[in-house]
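Here the structure comes first, spelled out in structure tokens, and everything after it is commentary.
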Amino acid sequence: MPGNFATASDVIRFLPEIILAVMGTLLMILDPLLHRRSSNAFGHLSILALAGALGGAIYAYLNGGPAFGGMLMVDGFATFFGVLVIVAGILTILPSYRFLARQGAETSEYHALLLFSVAGQCLMVAANDLIMVFIGLEISSISSYILAGYLREDKRANEASLKYFLLGSFATAFFLYGVALIYGSTGTINLAGVNVVLSGPGAPSLVFVGVAAALMFVGLGFKVSAAPFQVWTPDVYQGAPTPISAFLSAGPKAAAFAVFLRIFTTAFAPIGHGWEPLVWASALLSMTIGNFAALQQSNIKRMLAYSSIAHAGYVLVALTARSEVGTAAAMFYLAAYAFMNIGAFAVVSHLSGKGERYQNIEDFSGLAQKQPLAAAMFSIFLLSLIGVPLTGGFFGKFYIFKAALESHLVWLTVLGLLNSAVAAYYYLRILVMMYMREPAEATEAVEPLSPGLRLALIVPAIGTLFLGIFPNWVLDFAGKSSVLLK
Amino acid sequence: MMSAVPVYWFLMLSAVLFALGVAGFLFRRNIITVFMSIELMLNAVNLSFVTFSYQLKQVNGHLFTFFVMVVAAAEAAVGLAIILTVFKNRSTLNIDEVNSLKN
Amino acid sequence: MLDLLWLIPAAPFASAAVLLLVGRRMPRKVVATLGVVSIAVSAIVSGLVAIAFIGSPPPGNAYDQHLWTWIAVGGFHPGIALYLDPLSLIMTLVVTFVSFLIHLYSTEFMAGDEGYARFFAYMNLFVASMVMLVLGDNLLLLYLGWEGVGLCSYLLIGFWYRDPANGRAGQKAFIVTRVGDTSMAIGLFLLFHMLGTLNIQELMARARADWPVGSGLAIAAAALLLGGAVGKSAQLPLQTWLPDAMAGPTPTSALIHAATMVTAGVYLIARTHVLYEIAPAVQLAVAIIGAATLLLAGFSALVQTDIKRVLAYSTISQIGYMFLALGLGAWSAAIFHFMTHAFFKALLFLAAGIVIEALHQEHNIFHMGGLRRELPVAFWAFLAGGCALAGLPLVTAGSYSKDWIIASASPSPALWAAAIAGVLLTSLYTFRLIFLVFFGTARTPVSKQPGVAEQIPVWVLAVLSIVGGSERPAYRPFMAHLFGATPKPPEALSTIAAAAAFFTGLVCAWYFLRGDAPATNPLARFWYAGWGFDWLYGRIFVRPVEWAARVNHNDVIDSMYDGLATLARFVWRGLALTENGKLRWYAAAIAGGTLIFVALVIFL
């Protein structure tokens, strides 16, 4: 990369990452200074940082284009996902205030790590170069490994952290091997460059590149919890602090899908027919495994983990379509999913009590009587997860299956629809618990809604409904941004 | 890809090392050893990068190797800390005994 | 001014949402204020919109407010858009204004009820749905509003759900109207499928262009929509639910089951009248249904003992008039009668509510009497409303709208005779009711006089019942705008015949229908039971279904699903085994998956 080290436009286009990294570091420096006074201060500061990053991302978009010699690409696509992961970060912090206070945990490192993780995700979604993808992926992952085990004294959190870390690194090694093979066969690590080589004359043999693509699929499939690389998901979601489970299901997942889309629909577009069967199989497996395993799950965090696997399957259906419509559908779906899932986890976090004692579906008995607002918001999220009209989840599924049909994936569509019918069962079970049972131990003990938690419930609910009632606004933007390579 | 014989051998070595790393992860029970297996896999990939970089007469691969090393170091720091807390809570480093989270 | 149109449905909808979510925690004052003010906003905005619309009519005498496109998928892009033309304007005006008065009345009437917030939430939701139904510019919104009002009607009939009878009445209303709704939904699908658009105006234009008069498709579509209209508007043969719907609180009866929702069928036919013009057979059916219903319900009203059931049958009968007008192609006459009917029928129900409240929930008119002095407000209100209902010539609004309908029936002697006979019946049962309740000797002591919040709506509606429509010159430009053409003045013969029928009924009621006890002869009992329709439907539909349910006690079909559920559990158990918590197993799964994927790439 010859030329200047960094021009002004490079810095502007890199603004969100800079803000997040600087603020994250600042939080750690401030820790000894602020520590005794107020533990909420770090939460406020990190929301401020994320808000700043949000502004930075939009500013960067208005001055968009390639940065650092084409290693980053700030376009509509990057901004869509950048905004998404930053919002996911904010929505994670809102329920964390009460959660951390209840568990008596430190706050500064938590928030700093969260900011670093979001910074990594911002880097991922803008990356146009495999080095950048790798670095972003690792920044995001390493921070989330720690966050998953943030409650050091908690055996479950330890175990979740260990499993996530070991399996995550394991999968990353496969990804890296795939990158090496791509580099060896095409001689470049720039995504656009890979595309040029693969579509040009004298392209390397499909087998070689295909194996590389399969290996990269492993690493990314792991992060988005796509089958058969989903095994870690239930254990980690169950053991991790609940707000972090929410975060994992939204931020890193969306960012990994962004990388997925960027690599597979741009760099690997010329060998689409080669990787399509993989994504097809993975989509079907993920939907089926996720939904059926969730059916009788009694632990709600595990249930949401399986549901997260199933939803990754739906997004993979959109990827299988290999069209711009499919890409836009996946983008829309991930946005809707981030809202509804973070919201659902926020309710779980609210109810779980000290030491996360209450995690069973039975614990939600009679919540509607004790806290109608929480129950109502949870219902919105669950209905959206089912895919009921007027919610974002409905249009997400609608667009995905429409894209799949346009690409003549009739069987995948049929199986996907059957799957979403199965899924209704386990979501509705919670609704029945909340509305038709008498309050039980957990709901009797539930504490009043704090202002932060109230926001953490209402904002995602508004987002979910907004996407269900005004889907066109977001979809238009996604549609425009889905044209990745020209 | 018409590679010269030496390059081919390097790549073979890299693949074998990677496979050894995978096998180590799957068959060893000590968490530290499992962790070292991951390092082995990463370094196998590094070997590939260096080989390709040498073959293509570019620096990109070398660059990538540096980043992989940095990341591996960060992972080691975090990973060892995680392993330490697990050990403190359970007094065991047998990976099969860390299985309280399951269906 | 017209840009404010969206506020008319939005205000009550927002208020309903707030009340449903947090209404239970709010003080009653706040609930009442929110509930009433939101409707007041709607009413005021519709008034402003009406002034703007009449003052400077937009091009084409219609205004389309496109709010946003809900989804855009291929050729299917339903907009959330409102359509204002004279028809929807008059409907919106009446609905919001009458609703406002009834909401005001309810603040006092429902004051002691524990479901105060719930009541206002449902009522607001109802108004929002009704306005949506009327203003929606496409079939989707129309259907949304249609189902919305149905839902609110169900919720409000069964409002006092602790009494199972009320719940059953709600269910009956829901199921009976559902029969019609299904027919209507099929009709809407047919229209969308054949004509390829959801927009109602475009639909009508295309229908006129593509379908010749009397074509099979037009007849099918018109007949299917008629099914929906008949269900919602309680016309033959789906009229049986409305008398039972009186189980709801009286303001509900006034608003939903008299003034507004039950006329949704009238609106539907008026809105799609192009279809009926190209399907003359169905149009004739509408007229015949209307005529038959108005007579049948009139006879039934004559022998009822429950004050609200008299009014319920009277409502069915009056909507019969509107259908008659629709069937005769006199769209404006039907809508005119809708408007006057909304005023006087709401008035009668509100007055009945005052009576019932004053007499400790007494509904039986044979236990009332002599209330002329005890409850003067109710008496004068009833007198005004009753005269308007029966059509006191020259004075009341009701007589003008009814004369108009009778006049348009003059080409067909049979229908004309039915309409005149209907006037006689109306006059008979109306004055029977008034004489029994307000004259004679008092049988139950009065315990409560209406407060201000109940009196204001009653007085306003009483005035409107008298002057709310007429042939006076001052009305002409207004009417011309609202109803398209100026109505042709009723012919002398019709007017005289109607007047004669009115006075005959009045006199006969005084001399023959003031008995102390209800008539018990077989014919009276037959009428009392609503011509035995409930009995008939019980035999034809309910019993066979119950029999089939008994036979299929173990649910043959369901066992198939049990099999599916067992299969799902089996799959679940298998999957649960894979999550055994062992890290090395997980890694093996990942490595195995990788191998399979690599193999897939290589060998496919």
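Ligands are numbered from 1 in the order shown, residues from 1 within each chain, and chains are lettered A, B, ... in the order they appear in the structure tokens.
Distance criterion 10 Å to chain C, applied with only C-alpha atoms, yields Val22, Ala23, Phe25, Leu26, Phe27, Arg28, Arg29, Val34, Ile95, Asp96, Glu97, Val98, Asn99, Ser100, Leu101, Lys102 and Asn103 of chain B on chain B.
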Residue neighbourhood region 64-80 of chain B, 9 Å, only C-alpha atoms, exclusion window fewer than 4 positions, as a ChimeraX atom specification: /A:131,134-135,138-139,142-143,145-146,162,165-166,169,176 /B:32,35,39,42-43,45-47,49-50,59-60,84-85
Counting only C-alpha atoms, chain A residues within 6 Å of chain C, as a PyMOL selection string: chain A and resi 207+210-211+214+228-229+231+292-293
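Comparing the minimum interatomic distances between Ala312 (chain C) and each of C:Leu371, C:Met246, C:Ala500, C:Ala517, counting only C-alpha atoms, we find that C:Met246 sits nearest.
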Residues of chain A within 9 Å of chain B, only C-alpha atoms counted, as a ChimeraX atom specification: /A:131,134-135,138-139,142-143,145-146,149,152-156,158-163,165-166,169-170,172-174,176-181,183-185,187-189,204-205,234-236,238-239,297,299,302
Spatial neighbours of region 288-294 of chain C, 8 Å, only C-alpha atoms, chain gap at least 6 places, as a PyMOL selection string: chain C and resi 235-236+316-324+327+415+418-419+422
Written selection (N, CA and C atoms) as a PDB file, in the first residue's frame:
ATOM      1  N   GLN C 235     -79.224  -8.352   8.313  1.00  0.00           N
ATOM      2  CA  GLN C 235     -80.370  -8.484   7.431  1.00  0.00           C
ATOM      3  C   GLN C 235     -80.658  -9.965   7.219  1.00  0.00           C
ATOM      4  N   LEU C 236     -81.820 -10.251   6.726  1.00  0.00           N
ATOM      5  CA  LEU C 236     -82.168 -11.625   6.417  1.00  0.00           C
ATOM      6  C   LEU C 236     -81.096 -12.228   5.521  1.00  0.00           C
ATOM      7  N   ILE C 316     -82.883  -3.351  12.972  1.00  0.00           N
ATOM      8  CA  ILE C 316     -82.859  -4.271  11.834  1.00  0.00           C
ATOM      9  C   ILE C 316     -83.836  -3.786  10.766  1.00  0.00           C
ATOM     10  N   SER C 317     -85.007  -3.356  11.245  1.00  0.00           N
ATOM     11  CA  SER C 317     -86.029  -2.922  10.308  1.00  0.00           C
ATOM     12  C   SER C 317     -85.585  -1.672   9.537  1.00  0.00           C
ATOM     13  N   GLN C 318     -84.974  -0.727  10.264  1.00  0.00           N
ATOM     14  CA  GLN C 318     -84.558   0.519   9.600  1.00  0.00           C
ATOM     15  C   GLN C 318     -83.426   0.271   8.615  1.00  0.00           C
ATOM     16  N   ILE C 319     -82.520  -0.643   8.975  1.00  0.00           N
ATOM     17  CA  ILE C 319     -81.462  -0.957   8.014  1.00  0.00           C
ATOM     18  C   ILE C 319     -82.081  -1.653   6.797  1.00  0.00           C
ATOM     19  N   GLY C 320     -83.183  -2.364   7.053  1.00  0.00           N
ATOM     20  CA  GLY C 320     -83.931  -2.920   5.936  1.00  0.00           C
ATOM     21  C   GLY C 320     -84.339  -1.823   4.958  1.00  0.00           C
ATOM     22  N   TYR C 321     -84.769  -0.679   5.508  1.00  0.00           N
ATOM     23  CA  TYR C 321     -85.101   0.457   4.618  1.00  0.00           C
ATOM     24  C   TYR C 321     -83.895   0.859   3.789  1.00  0.00           C
ATOM     25  N   MET C 322     -82.737   0.918   4.462  1.00  0.00           N
ATOM     26  CA  MET C 322     -81.546   1.355   3.724  1.00  0.00           C
ATOM     27  C   MET C 322     -81.230   0.352   2.611  1.00  0.00           C
ATOM     28  N   PHE C 323     -81.356  -0.922   2.918  1.00  0.00           N
ATOM     29  CA  PHE C 323     -81.096  -1.930   1.882  1.00  0.00           C
ATOM     30  C   PHE C 323     -82.090  -1.790   0.739  1.00  0.00           C
ATOM     31  N   LEU C 324     -83.338  -1.518   1.114  1.00  0.00           N
ATOM     32  CA  LEU C 324     -84.353  -1.326   0.088  1.00  0.00           C
ATOM     33  C   LEU C 324     -83.928  -0.207  -0.853  1.00  0.00           C
ATOM     34  N   GLY C 327     -81.111  -1.274  -3.022  1.00  0.00           N
ATOM     35  CA  GLY C 327     -81.568  -2.176  -4.065  1.00  0.00           C
ATOM     36  C   GLY C 327     -82.294  -1.441  -5.166  1.00  0.00           C
ATOM     37  N   LEU C 415     -92.815  -3.295  -3.590  1.00  0.00           N
ATOM     38  CA  LEU C 415     -91.828  -2.734  -2.665  1.00  0.00           C
ATOM     39  C   LEU C 415     -92.366  -1.472  -2.017  1.00  0.00           C
ATOM     40  N   ALA C 418     -94.657  -2.445   0.698  1.00  0.00           N
ATOM     41  CA  ALA C 418     -93.902  -2.934   1.849  1.00  0.00           C
ATOM     42  C   ALA C 418     -93.359  -1.762   2.649  1.00  0.00           C
ATOM     43  N   ALA C 419     -92.846  -0.774   1.935  1.00  0.00           N
ATOM     44  CA  ALA C 419     -92.269   0.384   2.626  1.00  0.00           C
ATOM     45  C   ALA C 419     -93.332   1.114   3.422  1.00  0.00           C
ATOM     46  N   GLY C 422     -94.270  -0.817   6.352  1.00  0.00           N
ATOM     47  CA  GLY C 422     -93.198  -0.663   7.330  1.00  0.00           C
ATOM     48  C   GLY C 422     -93.403   0.580   8.175  1.00  0.00           C
TER      49      GLY C 422
END
Members of region 2-209 of chain C assigned strand (DSSP E) by DSSP, as a PyMOL selection string: chain C and resi 63-69+79-84
